[in-house]
file protein10.json (JSON, C-alpha atoms)
[["chain", "number", "residue", "atom", "x", "y", "z"],
["A", 121, "MET", "CA", 0.00, 0.00, 0.00],
["A", 122, "HIS", "CA", 3.01, 2.26, 0.13],
["A", 123, "ILE", "CA", 2.90, 5.14, -2.26],
["A", 124, "MET", "CA", 6.54, 5.56, -3.18],
["A", 125, "GLU", "CA", 8.49, 8.76, -2.57],
["A", 126, "GLY", "CA", 8.17, 11.14, -5.51],
["A", 127, "PHE", "CA", 5.10, 9.41, -6.96],
["A", 128, "LEU", "CA", 2.56, 11.87, -5.54],
["A", 129, "PRO", "CA", 2.45, 15.54, -6.61],
["A", 130, "TRP", "CA", 3.43, 17.87, -3.74],
["A", 131, "GLN", "CA", -0.09, 19.39, -3.60],
["A", 132, "TRP", "CA", -1.56, 15.97, -2.82],
["A", 133, "CYS", "CA", 1.22, 15.21, -0.32],
["A", 134, "LEU", "CA", 0.21, 18.40, 1.49],
["A", 135, "VAL", "CA", -3.51, 17.50, 1.46],
["A", 136, "TRP", "CA", -2.88, 14.07, 3.01],
["A", 137, "TRP", "CA", -0.47, 15.50, 5.60],
["A", 138, "ILE", "CA", -3.13, 18.06, 6.60],
["A", 139, "ILE", "CA", -5.61, 15.20, 7.10],
["A", 140, "ALA", "CA", -3.12, 12.92, 8.89],
["A", 141, "LEU", "CA", -1.72, 15.43, 11.40],
["A", 142, "PRO", "CA", -4.88, 16.09, 13.46],
["A", 143, "CYS", "CA", -5.53, 12.32, 13.58],
["A", 144, "LEU", "CA", -2.03, 11.77, 14.98],
["A", 145, "LEU", "CA", -2.43, 14.57, 17.55],
["A", 146, "LEU", "CA", -5.75, 13.08, 18.67],
["A", 147, "GLY", "CA", -4.10, 9.66, 18.87],
["A", 148, "ILE", "CA", -1.22, 10.97, 21.04],
["A", 149, "TYR", "CA", -3.72, 12.71, 23.33],
["A", 150, "GLN", "CA", -5.83, 9.54, 23.66],
["A", 151, "LEU", "CA", -2.73, 7.40, 24.23],
["A", 152, "LYS", "CA", -1.60, 9.61, 27.11],
["A", 153, "ARG", "CA", -5.09, 9.47, 28.63],
["A", 154, "VAL", "CA", -5.43, 5.67, 28.33],
["A", 155, "LEU", "CA", -1.99, 4.99, 29.81],
["A", 156, "ALA", "CA", -2.52, 7.49, 32.64],
["A", 157, "ALA", "CA", -5.81, 5.80, 33.54],
["A", 158, "ASP", "CA", -4.53, 2.21, 33.45],
["A", 159, "ARG", "CA", -0.85, 1.24, 33.16],
["A", 160, "ASP", "CA", -1.91, -2.35, 32.43],
["A", 161, "ALA", "CA", -2.98, -1.10, 29.00],
["A", 162, "LEU", "CA", 0.73, -0.75, 28.09],
["A", 163, "PRO", "CA", 1.42, -4.50, 27.58],
["A", 164, "LEU", "CA", -1.76, -4.77, 25.48],
["A", 165, "LEU", "CA", -0.53, -1.84, 23.40],
["A", 166, "GLY", "CA", 2.79, -3.71, 23.04],
["A", 167, "VAL", "CA", 1.08, -6.84, 21.71],
["A", 168, "THR", "CA", -1.31, -5.06, 19.35],
["A", 169, "GLY", "CA", 1.45, -2.72, 18.11],
["A", 170, "GLY", "CA", 3.85, -5.67, 17.82],
["A", 171, "PHE", "CA", 1.55, -7.32, 15.32],
["A", 172, "ILE", "CA", 1.54, -4.17, 13.17],
["A", 173, "PHE", "CA", 5.36, -4.34, 13.15],
["A", 174, "ILE", "CA", 5.39, -8.05, 12.28],
["A", 175, "LEU", "CA", 2.61, -8.27, 9.71],
["A", 176, "SER", "CA", 3.45, -5.09, 7.82],
["A", 177, "SER", "CA", 6.97, -6.44, 7.24],
["A", 178, "LEU", "CA", 5.77, -9.63, 5.56],
["A", 179, "LYS", "CA", 5.51, -9.44, 1.79],
["A", 180, "LEU", "CA", 3.28, -12.30, 0.75],
["A", 181, "PRO", "CA", 2.45, -13.60, -2.73],
["A", 182, "SER", "CA", -1.11, -13.38, -3.96],
["A", 183, "VAL", "CA", -3.43, -14.58, -6.70],
["A", 184, "THR", "CA", -2.65, -11.64, -8.99],
["A", 185, "GLY", "CA", 0.97, -12.73, -9.38],
["A", 186, "SER", "CA", 2.32, -9.90, -7.24],
["A", 187, "CYS", "CA", 3.21, -9.56, -3.56],
["A", 188, "SER", "CA", 1.67, -7.42, -0.86],
["A", 189, "HIS", "CA", 1.72, -7.18, 2.91],
["A", 190, "PRO", "CA", -0.97, -7.38, 5.59],
["A", 191, "THR", "CA", -1.37, -4.34, 7.84],
["A", 192, "GLY", "CA", -1.94, -5.97, 11.25],
["A", 193, "THR", "CA", -4.03, -3.01, 12.44],
["A", 194, "GLY", "CA", -7.14, -4.98, 13.47],
["A", 195, "LEU", "CA", -6.16, -5.83, 17.06],
["A", 196, "SER", "CA", -5.03, -2.29, 17.82],
["A", 197, "THR", "CA", -8.22, -0.90, 16.28],
["A", 198, "ILE", "CA", -10.40, -3.10, 18.50],
["A", 199, "SER", "CA", -8.34, -2.48, 21.64],
["A", 200, "PHE", "CA", -7.53, 1.23, 21.34],
["A", 201, "GLY", "CA", -9.54, 2.65, 18.46],
["A", 202, "PRO", "CA", -8.41, 4.18, 15.17],
["A", 203, "TRP", "CA", -6.56, 7.27, 16.46],
["A", 204, "ILE", "CA", -4.07, 5.43, 18.68],
["A", 205, "THR", "CA", -3.66, 2.91, 15.86],
["A", 206, "ALA", "CA", -2.74, 5.82, 13.58],
["A", 207, "VAL", "CA", 0.13, 6.73, 15.93],
["A", 208, "VAL", "CA", 1.51, 3.15, 15.93],
["A", 209, "CYS", "CA", 1.20, 3.00, 12.14],
["A", 210, "ALA", "CA", 3.01, 6.33, 11.82],
["A", 211, "ILE", "CA", 5.98, 4.87, 13.74],
["A", 212, "VAL", "CA", 6.11, 1.78, 11.49],
["A", 213, "LEU", "CA", 5.69, 3.82, 8.29],
["A", 214, "LEU", "CA", 8.37, 6.30, 9.41],
["A", 215, "PHE", "CA", 10.81, 3.41, 10.00],
["A", 216, "GLN", "CA", 10.03, 2.01, 6.54],
["A", 217, "SER", "CA", 10.41, 5.45, 4.93],
["A", 218, "LEU", "CA", 13.77, 6.18, 6.56],
["A", 219, "PHE", "CA", 15.46, 2.78, 6.38],
["A", 220, "LEU", "CA", 13.72, 0.71, 3.70],
["A", 221, "ALA", "CA", 12.84, 3.31, 1.03],
["A", 222, "HIS", "CA", 9.27, 2.01, 1.24],
["A", 223, "GLY", "CA", 7.08, 5.07, 1.12],
["A", 224, "GLY", "CA", 8.83, 8.33, 1.92],
["A", 225, "LEU", "CA", 8.64, 11.45, 4.02],
["A", 226, "SER", "CA", 6.62, 13.51, 1.51],
["A", 227, "VAL", "CA", 4.07, 10.70, 1.01],
["A", 228, "LEU", "CA", 4.06, 9.66, 4.69],
["A", 229, "GLY", "CA", 0.83, 11.63, 5.28],
["A", 230, "ALA", "CA", -0.93, 9.75, 2.47],
["A", 231, "ASN", "CA", 0.35, 6.39, 3.73],
["A", 232, "ILE", "CA", -0.71, 7.22, 7.31],
["A", 233, "VAL", "CA", -4.19, 8.17, 6.10],
["A", 234, "SER", "CA", -4.64, 4.85, 4.26],
["A", 235, "MET", "CA", -3.05, 2.40, 6.73],
["A", 236, "GLY", "CA", -3.45, 4.30, 10.00],
["A", 237, "VAL", "CA", -6.69, 6.23, 9.60],
["A", 238, "VAL", "CA", -9.20, 5.04, 6.97],
["A", 239, "GLY", "CA", -8.42, 1.30, 7.26],
["A", 240, "PRO", "CA", -8.74, 1.31, 11.08],
["A", 241, "LEU", "CA", -11.81, 3.60, 10.88],
["A", 242, "ALA", "CA", -13.54, 1.09, 8.58],
["A", 243, "GLY", "CA", -12.58, -1.75, 10.94],
["A", 244, "TYR", "CA", -13.76, 0.29, 13.94],
["A", 245, "ALA", "CA", -17.15, 0.83, 12.28],
["A", 246, "PHE", "CA", -17.56, -2.96, 12.05],
["A", 247, "TYR", "CA", -16.43, -3.33, 15.68],
["A", 248, "ARG", "CA", -18.98, -0.77, 16.95],
["A", 249, "LEU", "CA", -21.67, -2.35, 14.80],
["A", 250, "LEU", "CA", -21.04, -5.87, 16.13],
["A", 251, "ARG", "CA", -19.71, -5.27, 19.67],
["A", 252, "ASP", "CA", -23.08, -5.25, 21.44],
["A", 253, "THR", "CA", -24.76, -7.87, 19.28],
["A", 254, "SER", "CA", -24.81, -11.64, 19.75],
["A", 255, "VAL", "CA", -22.18, -12.08, 17.02],
["A", 256, "ASN", "CA", -19.27, -14.23, 18.21],
["A", 257, "ILE", "CA", -16.18, -12.24, 19.34],
["A", 258, "TYR", "CA", -13.86, -14.13, 16.99],
["A", 259, "ILE", "CA", -16.06, -13.41, 13.97],
["A", 260, "THR", "CA", -16.04, -9.74, 15.01],
["A", 261, "VAL", "CA", -12.21, -9.73, 15.27],
["A", 262, "PHE", "CA", -11.96, -11.49, 11.89],
["A", 263, "LEU", "CA", -14.23, -8.96, 10.17],
["A", 264, "VAL", "CA", -12.62, -5.91, 11.78],
["A", 265, "THR", "CA", -9.13, -7.11, 10.85],
["A", 266, "ALA", "CA", -10.00, -8.09, 7.30],
["A", 267, "MET", "CA", -11.90, -4.83, 6.67],
["A", 268, "ALA", "CA", -9.13, -2.65, 8.17],
["A", 269, "ASP", "CA", -6.68, -4.38, 5.83],
["A", 270, "LEU", "CA", -8.86, -4.19, 2.74],
["A", 271, "PHE", "CA", -9.92, -0.55, 3.22],
["A", 272, "THR", "CA", -6.27, 0.46, 3.58],
["A", 273, "TYR", "CA", -5.67, -0.67, 0.01],
["A", 274, "ILE", "CA", -8.95, 0.77, -1.26],
["A", 275, "THR", "CA", -7.85, 4.13, 0.18],
["A", 276, "THR", "CA", -4.42, 3.89, -1.46],
["A", 277, "SER", "CA", -6.20, 3.25, -4.77],
["A", 278, "LEU", "CA", -8.37, 6.34, -4.22],
["A", 279, "GLU", "CA", -5.39, 8.51, -3.25],
["A", 280, "LEU", "CA", -3.59, 7.53, -6.46],
["A", 281, "ALA", "CA", -6.72, 7.84, -8.61],
["A", 282, "LEU", "CA", -7.31, 11.41, -7.36],
["A", 283, "ALA", "CA", -3.75, 12.35, -8.25],
["A", 284, "TYR", "CA", -3.69, 10.48, -11.57],
["A", 285, "PRO", "CA", -7.15, 10.46, -13.22],
["A", 286, "ALA", "CA", -7.32, 8.47, -16.45],
["A", 287, "GLU", "CA", -7.66, 10.37, -19.73],
["A", 288, "SER", "CA", -10.93, 8.59, -20.47],
["A", 289, "GLY", "CA", -13.14, 7.87, -17.47],
["A", 290, "GLY", "CA", -11.30, 10.21, -15.09],
["A", 291, "VAL", "CA", -10.93, 9.41, -11.41],
["A", 292, "VAL", "CA", -13.45, 6.53, -11.44],
["A", 293, "SER", "CA", -11.71, 4.67, -14.24],
["A", 294, "SER", "CA", -8.31, 5.24, -12.65],
["A", 295, "PHE", "CA", -9.65, 4.14, -9.24],
["A", 296, "LEU", "CA", -10.85, 0.84, -10.74],
["A", 297, "LEU", "CA", -7.47, 0.25, -12.35],
["A", 298, "PHE", "CA", -5.63, 0.84, -9.05],
["A", 299, "LEU", "CA", -8.19, -1.32, -7.22],
["A", 300, "GLY", "CA", -7.34, -4.14, -9.63],
["A", 301, "ILE", "CA", -3.71, -3.93, -8.53],
["A", 302, "PHE", "CA", -4.03, -3.23, -4.81],
["A", 303, "ALA", "CA", -7.40, -4.45, -3.54],
["A", 304, "VAL", "CA", -7.71, -7.69, -5.53],
["A", 305, "THR", "CA", -4.19, -8.72, -4.48],
["A", 306, "GLN", "CA", -5.17, -7.98, -0.90],
["A", 307, "VAL", "CA", -8.35, -10.09, -0.60],
["A", 308, "PRO", "CA", -6.70, -13.47, 0.24],
["A", 309, "LEU", "CA", -4.20, -11.74, 2.53],
["A", 310, "ALA", "CA", -6.98, -9.95, 4.41],
["A", 311, "ILE", "CA", -8.84, -13.24, 4.95],
["A", 312, "VAL", "CA", -5.77, -15.04, 6.33],
["A", 313, "GLU", "CA", -4.84, -12.02, 8.46],
["A", 314, "GLY", "CA", -8.36, -11.95, 9.90],
["A", 315, "ILE", "CA", -8.21, -15.63, 10.90],
["A", 316, "VAL", "CA", -4.69, -15.37, 12.38],
["A", 317, "LEU", "CA", -5.51, -12.31, 14.47],
["A", 318, "ALA", "CA", -8.76, -13.90, 15.68],
["A", 319, "LEU", "CA", -6.57, -16.73, 17.01],
["A", 320, "VAL", "CA", -4.22, -14.22, 18.67],
["A", 321, "PHE", "CA", -7.24, -12.56, 20.29],
["A", 322, "LYS", "CA", -8.25, -15.95, 21.69],
["A", 323, "TYR", "CA", -4.87, -16.13, 23.48],
["A", 324, "ILE", "CA", -5.28, -12.58, 24.80],
["A", 325, "ILE", "CA", -8.71, -13.55, 26.16],
["A", 326, "THR", "CA", -7.21, -16.68, 27.74],
["A", 327, "LEU", "CA", -4.29, -14.88, 29.38],
["A", 328, "LYS", "CA", -5.60, -11.42, 30.21],
["A", 329, "PRO", "CA", -9.40, -11.21, 30.07],
["A", 330, "ASP", "CA", -9.53, -8.59, 32.85],
["A", 331, "ILE", "CA", -7.77, -5.89, 30.82],
["A", 332, "LEU", "CA", -10.25, -6.37, 27.95],
["A", 333, "ILE", "CA", -13.13, -5.94, 30.42],
["A", 334, "ARG", "CA", -11.53, -2.95, 32.22],
["A", 335, "LEU", "CA", -10.89, -1.13, 28.95],
["A", 336, "LYS", "CA", -14.51, -1.93, 27.98],
["A", 337, "ILE", "CA", -13.38, -3.56, 24.74],
["A", 338, "PHE", "CA", -16.05, -6.24, 25.13],
["A", 339, "SER", "CA", -18.56, -6.86, 27.92],
["A", 340, "LYS", "CA", -17.74, -9.30, 30.73],
["A", 341, "GLU", "CA", -20.50, -11.63, 29.55],
["A", 342, "LYS", "CA", -19.16, -11.71, 26.01],
["A", 343, "ILE", "CA", -15.58, -12.32, 27.15],
["A", 344, "ASN", "CA", -16.70, -15.16, 29.44],
["A", 345, "ALA", "CA", -18.79, -16.67, 26.64],
["A", 346, "ALA", "CA", -15.80, -16.47, 24.27],
["A", 347, "ARG", "CA", -13.57, -18.25, 26.82],
["A", 348, "ASN", "CA", -15.94, -21.20, 26.75],
["A", 349, "GLU", "CA", -16.60, -21.19, 23.00],
["A", 350, "ILE", "CA", -13.44, -22.35, 21.24],
["B", 51, "MET", "CA", -16.88, -31.44, 26.46],
["B", 52, "LYS", "CA", -16.30, -28.76, 23.84],
["B", 53, "PHE", "CA", -13.52, -29.04, 21.29],
["B", 54, "LYS", "CA", -10.92, -26.42, 22.22],
["B", 55, "TYR", "CA", -8.86, -26.05, 19.08],
["B", 56, "THR", "CA", -11.34, -25.03, 16.36],
["B", 57, "LEU", "CA", -9.60, -21.69, 15.73],
["B", 58, "GLU", "CA", -6.14, -23.28, 15.64],
["B", 59, "ILE", "CA", -7.33, -25.80, 13.03],
["B", 60, "LEU", "CA", -9.08, -23.08, 10.99],
["B", 61, "THR", "CA", -5.87, -21.02, 11.04],
["B", 62, "GLY", "CA", -3.83, -24.02, 9.90],
["B", 63, "ILE", "CA", -6.27, -24.71, 7.05],
["B", 64, "ALA", "CA", -6.25, -21.03, 5.98],
["B", 65, "ILE", "CA", -2.43, -20.95, 5.89],
["B", 66, "LEU", "CA", -2.25, -24.23, 3.96],
["B", 67, "ALA", "CA", -4.88, -23.00, 1.48],
["B", 68, "PHE", "CA", -2.92, -19.76, 1.05],
["B", 69, "CYS", "CA", 0.26, -21.72, 0.29],
["B", 70, "ALA", "CA", -1.63, -24.01, -2.13],
["B", 71, "VAL", "CA", -3.05, -20.99, -4.00],
["B", 72, "PHE", "CA", 0.48, -19.56, -4.29],
["B", 73, "LEU", "CA", 1.86, -22.85, -5.65],
["B", 74, "TYR", "CA", -0.99, -23.09, -8.15],
["B", 75, "THR", "CA", -0.66, -19.44, -9.24],
["B", 76, "SER", "CA", 3.11, -19.60, -9.60],
["B", 77, "SER", "CA", 2.96, -22.77, -11.70],
["B", 78, "THR", "CA", 0.06, -21.79, -13.97],
["B", 79, "MET", "CA", 0.18, -18.00, -14.38],
["B", 80, "SER", "CA", 2.58, -16.97, -17.10],
["B", 81, "GLY", "CA", 4.52, -13.80, -16.36],
["B", 82, "ALA", "CA", 3.78, -13.87, -12.62],
["B", 83, "GLU", "CA", 6.89, -12.22, -11.17],
["B", 84, "PHE", "CA", 5.52, -11.77, -7.63],
["B", 85, "SER", "CA", 7.06, -8.33, -7.39],
["B", 86, "GLY", "CA", 5.58, -5.87, -4.88],
["B", 87, "SER", "CA", 2.15, -4.45, -5.69],
["B", 88, "ASP", "CA", 3.72, -1.05, -4.84],
["B", 89, "ASN", "CA", 5.99, -1.45, -7.88],
["B", 90, "VAL", "CA", 3.09, -2.58, -10.09],
["B", 91, "GLY", "CA", 1.15, 0.48, -8.86],
["B", 92, "SER", "CA", 4.09, 2.74, -9.70],
["B", 93, "GLY", "CA", 4.06, 1.24, -13.22],
["B", 94, "LEU", "CA", 0.40, 2.18, -13.61],
["B", 95, "ILE", "CA", 1.13, 5.73, -12.38],
["B", 96, "SER", "CA", 3.80, 5.99, -15.06],
["B", 97, "LYS", "CA", 1.34, 4.77, -17.70],
["B", 98, "LEU", "CA", -1.50, 7.07, -16.60],
["B", 99, "SER", "CA", 0.69, 10.16, -16.33],
["B", 100, "GLY", "CA", 2.68, 9.41, -19.48],
["B", 101, "THR", "CA", 5.89, 9.94, -17.52],
["B", 102, "PRO", "CA", 8.60, 7.27, -17.72],
["B", 103, "LEU", "CA", 9.38, 5.67, -14.34],
["B", 104, "GLU", "CA", 12.96, 7.01, -14.35],
["B", 105, "ASN", "CA", 11.59, 10.57, -14.46],
["B", 106, "PHE", "CA", 9.98, 10.26, -11.02],
["B", 107, "HIS", "CA", 12.34, 11.64, -8.40],
["B", 108, "PRO", "CA", 11.95, 11.84, -4.61],
["B", 109, "LEU", "CA", 10.56, 15.18, -3.43],
["B", 110, "ILE", "CA", 12.56, 14.70, -0.23],
["B", 111, "PRO", "CA", 15.97, 12.99, -0.64],
["B", 112, "GLN", "CA", 15.81, 9.42, 0.61],
["B", 113, "TRP", "CA", 18.34, 6.81, 1.75],
["B", 114, "GLU", "CA", 17.96, 3.50, -0.03],
["B", 115, "PRO", "CA", 19.32, 0.17, 1.19],
["B", 116, "PRO", "CA", 22.37, -0.53, -0.99],
["B", 117, "SER", "CA", 21.25, -4.08, -1.82],
["B", 118, "SER", "CA", 18.15, -6.29, -1.62],
["B", 119, "GLU", "CA", 19.98, -8.40, 1.00],
["B", 120, "ILE", "CA", 20.33, -5.38, 3.31],
["B", 121, "GLU", "CA", 16.69, -4.46, 2.64],
["B", 122, "SER", "CA", 15.62, -7.99, 3.61],
["B", 123, "SER", "CA", 17.61, -7.86, 6.85],
["B", 124, "LEU", "CA", 16.04, -4.49, 7.73],
["B", 125, "PHE", "CA", 12.57, -5.97, 7.12],
["B", 126, "ALA", "CA", 13.59, -8.91, 9.32],
["B", 127, "PHE", "CA", 14.71, -6.41, 11.98],
["B", 128, "GLN", "CA", 11.27, -4.77, 11.86],
["B", 129, "ALA", "CA", 9.57, -8.16, 12.27],
["B", 130, "ALA", "CA", 11.97, -9.01, 15.11],
["B", 131, "VAL", "CA", 11.03, -5.82, 16.99],
["B", 132, "GLY", "CA", 7.37, -6.87, 16.72],
["B", 133, "GLY", "CA", 8.21, -10.45, 17.72],
["B", 134, "ILE", "CA", 10.10, -9.29, 20.80],
["B", 135, "LEU", "CA", 7.18, -7.07, 21.83],
["B", 136, "VAL", "CA", 4.58, -9.83, 21.35],
["B", 137, "GLY", "CA", 6.71, -12.59, 22.90],
["B", 138, "GLY", "CA", 7.77, -10.40, 25.81],
["B", 139, "VAL", "CA", 4.21, -9.41, 26.72],
["B", 140, "PHE", "CA", 2.77, -12.92, 26.32],
["B", 141, "GLY", "CA", 5.61, -14.24, 28.51],
["B", 142, "TYR", "CA", 4.88, -11.53, 31.09],
["B", 143, "TRP", "CA", 1.17, -12.40, 31.10],
["B", 144, "ILE", "CA", 1.86, -16.15, 31.40],
["B", 145, "GLY", "CA", 4.22, -15.40, 34.32],
["B", 146, "GLN", "CA", 1.56, -13.25, 36.01],
["B", 147, "LYS", "CA", -1.05, -15.98, 35.54],
["B", 148, "LYS", "CA", 1.22, -18.67, 37.01],
["B", 149, "LYS", "CA", 2.05, -16.41, 39.96],
["B", 150, "ALA", "CA", -1.64, -15.79, 40.62]]
call {"tool": "encode", "arguments": {"input": "protein10.json", "output": "structure tokens"}}
result
Amino acid sequence: MHIMEGFLPWQWCLVWWIIALPCLLLGIYQLKRVLAADRDALPLLGVTGGFIFILSSLKLPSVTGSCSHPTGTGLSTISFGPWITAVVCAIVLLFQSLFLAHGGLSVLGANIVSMGVVGPLAGYAFYRLLRDTSVNIYITVFLVTAMADLFTYITTSLELALAYPAESGGVVSSFLLFLGIFAVTQVPLAIVEGIVLALVFKYIITLKPDILIRLKIFSKEKINAARNEI
Amino acid sequence: MKFKYTLEILTGIAILAFCAVFLYTSSTMSGAEFSGSDNVGSGLISKLSGTPLENFHPLIPQWEPPSSEIESSLFAFQAAVGGILVGGVFGYWIGQKKKA
């Protein structure tokens, strides 16, 4: 999903930076508040952030004959919401910009918006929709994770389509072309990522159910039901 | 008694299916290079804008790993940082649980 350095006109770089910055500031503010209220949230942040580090470093082959990487933002989105997730993503994307030449400083705002803001926001919408229903916790985690991953790549496609509209068909035609490259490649990866992170969430529930209840991530009844389910 | 490992088995099946799809794709799709989708996307940008790839230059100067081997080790370093975080916290939680 990385837009490479130099591949986005400076005007668009500026637009995405202007959108990304307030999200990051809100994330830093929320992070301070969460950690001040409960220091036990720090290890959970370590685990959820750790998976963003691991999964976003794995380039996996897909059905389109090209490689892509999962985003790993689902767990963080469920546990801490999209704004704190944006901060963790910004750290990972900054590392990749500085040391791996994946992305870049000028396009960092655009990459933060796709991986750290819109993807997690889409996942968070699914989480809020399903959290208080009878839907199984693991299905919720699967859907949130897969959607956060998929919407990251849909957003990258839109960012590129806005900057490079096709001669015939304009932004829509260009968007569909970029979707063909990014989103289609991502579908199998998003499914596997969703299943793997649902399994990780099972281990978090097994080892530390109290922190999930204290942070009001899921209700006590739902956590207890999930412990007995699978 | 309920079966406890449904998710583990589902995960195993999903990973095996993913590997099988890769093997099938790589053996049947002609011209599948499995390069990064970022690079394929950059190719489309070049096509849409009518600008050759070599004419795109960084807006902000950027350090590039001198070889793909160094790039791979830096990616491995990133994964290792995540692995240490995850392993460290799970170990800490297991220790806390045993203590309790």
call {"tool": "interface_residues", "arguments": {"input": "protein10.json", "of": "chain B", "to": "chain A", "cutoff": "8 Å", "atoms": "only C-alpha atoms", "output": "mmCIF file with C-alpha atoms, in the frame of the given file"}}
result
data_model
loop_
_atom_site.group_PDB
_atom_site.id
_atom_site.type_symbol
_atom_site.label_atom_id
_atom_site.label_comp_id
_atom_site.auth_asym_id
_atom_site.auth_seq_id
_atom_site.Cartn_x
_atom_site.Cartn_y
_atom_site.Cartn_z
ATOM 1 C CA LYS B 52 -16.300 -28.760 23.840
ATOM 2 C CA PHE B 53 -13.520 -29.040 21.290
ATOM 3 C CA LYS B 54 -10.920 -26.420 22.220
ATOM 4 C CA TYR B 55 -8.860 -26.050 19.080
ATOM 5 C CA THR B 56 -11.340 -25.030 16.360
ATOM 6 C CA LEU B 57 -9.600 -21.690 15.730
ATOM 7 C CA GLU B 58 -6.140 -23.280 15.640
ATOM 8 C CA LEU B 60 -9.080 -23.080 10.990
ATOM 9 C CA THR B 61 -5.870 -21.020 11.040
ATOM 10 C CA ALA B 64 -6.250 -21.030 5.980
ATOM 11 C CA ILE B 65 -2.430 -20.950 5.890
ATOM 12 C CA PHE B 68 -2.920 -19.760 1.050
ATOM 13 C CA VAL B 71 -3.050 -20.990 -4.000
ATOM 14 C CA PHE B 72 0.480 -19.560 -4.290
ATOM 15 C CA THR B 75 -0.660 -19.440 -9.240
ATOM 16 C CA SER B 76 3.110 -19.600 -9.600
ATOM 17 C CA MET B 79 0.180 -18.000 -14.380
ATOM 18 C CA GLY B 81 4.520 -13.800 -16.360
ATOM 19 C CA ALA B 82 3.780 -13.870 -12.620
ATOM 20 C CA GLU B 83 6.890 -12.220 -11.170
ATOM 21 C CA PHE B 84 5.520 -11.770 -7.630
ATOM 22 C CA SER B 85 7.060 -8.330 -7.390
ATOM 23 C CA GLY B 86 5.580 -5.870 -4.880
ATOM 24 C CA SER B 87 2.150 -4.450 -5.690
ATOM 25 C CA ASP B 88 3.720 -1.050 -4.840
ATOM 26 C CA VAL B 90 3.090 -2.580 -10.090
ATOM 27 C CA GLY B 91 1.150 0.480 -8.860
ATOM 28 C CA SER B 92 4.090 2.740 -9.700
ATOM 29 C CA LEU B 94 0.400 2.180 -13.610
ATOM 30 C CA ILE B 95 1.130 5.730 -12.380
ATOM 31 C CA LEU B 98 -1.500 7.070 -16.600
ATOM 32 C CA SER B 99 0.690 10.160 -16.330
ATOM 33 C CA PHE B 106 9.980 10.260 -11.020
ATOM 34 C CA HIS B 107 12.340 11.640 -8.400
ATOM 35 C CA PRO B 108 11.950 11.840 -4.610
ATOM 36 C CA LEU B 109 10.560 15.180 -3.430
ATOM 37 C CA ILE B 110 12.560 14.700 -0.230
ATOM 38 C CA GLN B 112 15.810 9.420 0.610
ATOM 39 C CA TRP B 113 18.340 6.810 1.750
ATOM 40 C CA GLU B 114 17.960 3.500 -0.030
ATOM 41 C CA PRO B 115 19.320 0.170 1.190
ATOM 42 C CA GLU B 121 16.690 -4.460 2.640
ATOM 43 C CA LEU B 124 16.040 -4.490 7.730
ATOM 44 C CA PHE B 125 12.570 -5.970 7.120
ATOM 45 C CA ALA B 126 13.590 -8.910 9.320
ATOM 46 C CA GLN B 128 11.270 -4.770 11.860
ATOM 47 C CA ALA B 129 9.570 -8.160 12.270
ATOM 48 C CA ALA B 130 11.970 -9.010 15.110
ATOM 49 C CA VAL B 131 11.030 -5.820 16.990
ATOM 50 C CA GLY B 132 7.370 -6.870 16.720
ATOM 51 C CA GLY B 133 8.210 -10.450 17.720
ATOM 52 C CA ILE B 134 10.100 -9.290 20.800
ATOM 53 C CA LEU B 135 7.180 -7.070 21.830
ATOM 54 C CA VAL B 136 4.580 -9.830 21.350
ATOM 55 C CA VAL B 139 4.210 -9.410 26.720
ATOM 56 C CA PHE B 140 2.770 -12.920 26.320
ATOM 57 C CA TRP B 143 1.170 -12.400 31.100
ATOM 58 C CA ILE B 144 1.860 -16.150 31.400
ATOM 59 C CA LYS B 147 -1.050 -15.980 35.540
#
call {"tool": "closest_residue", "arguments": {"input": "protein10.json", "among": "A:Leu134, A:Leu228, A:Ala346, A:Ala242", "to": "Gly201 (chain A)", "atoms": "all atoms listed in the file"}}
result
A:Ala242
call {"tool": "axis_aligned_box", "arguments": {"input": "protein10.json", "around": "region 143-161 of chain A", "padding_each_side": "4 Å", "output": "lines of an AutoDock Vina configuration file"}}
result
center_x = -3.3
center_y = 6.1
center_z = 23.6
size_x = 13.0
size_y = 24.9
size_z = 28.0
call {"tool": "atom_distance", "arguments": {"input": "protein10.json", "atom1": "CA of Val291 (chain A)", "atom2": "CA of Glu104 (chain B)"}}
result
24.2 Å
call {"tool": "atom_distance", "arguments": {"input": "protein10.json", "atom1": "CA of Met267 (chain A)", "atom2": "CA of Leu241 (chain A)"}}
result
9.4 Å
call {"tool": "atom_distance", "arguments": {"input": "protein10.json", "atom1": "CA of Gly93 (chain B)", "atom2": "CA of Ala70 (chain B)"}}
result
28.2 Å
call {"tool": "residues_around", "arguments": {"input": "protein10.json", "residues": "Ala206 (chain A)", "least_positions_apart": "5", "cutoff": "10 Å", "atoms": "all atoms listed in the file", "output": "list of chain:residue names"}}
result
A:Ala140, A:Leu141, A:Cys143, A:Leu144, A:Leu145, A:Leu146, A:Gly147, A:Ile148, A:Thr193, A:Ser196, A:Thr197, A:Gly201, A:Ile211, A:Val212, A:Ile232, A:Val233, A:Ser234, A:Met235, A:Gly236, A:Val237, A:Val238, A:Gly239, A:Pro240, A:Leu241
call {"tool": "residues_around", "arguments": {"input": "protein10.json", "residues": "Ser339 (chain A)", "least_positions_apart": "2", "cutoff": "12 Å", "atoms": "all atoms listed in the file", "output": "MDAnalysis selection string"}}
result
chainID A and resid 251:254 257 329:337 341:346
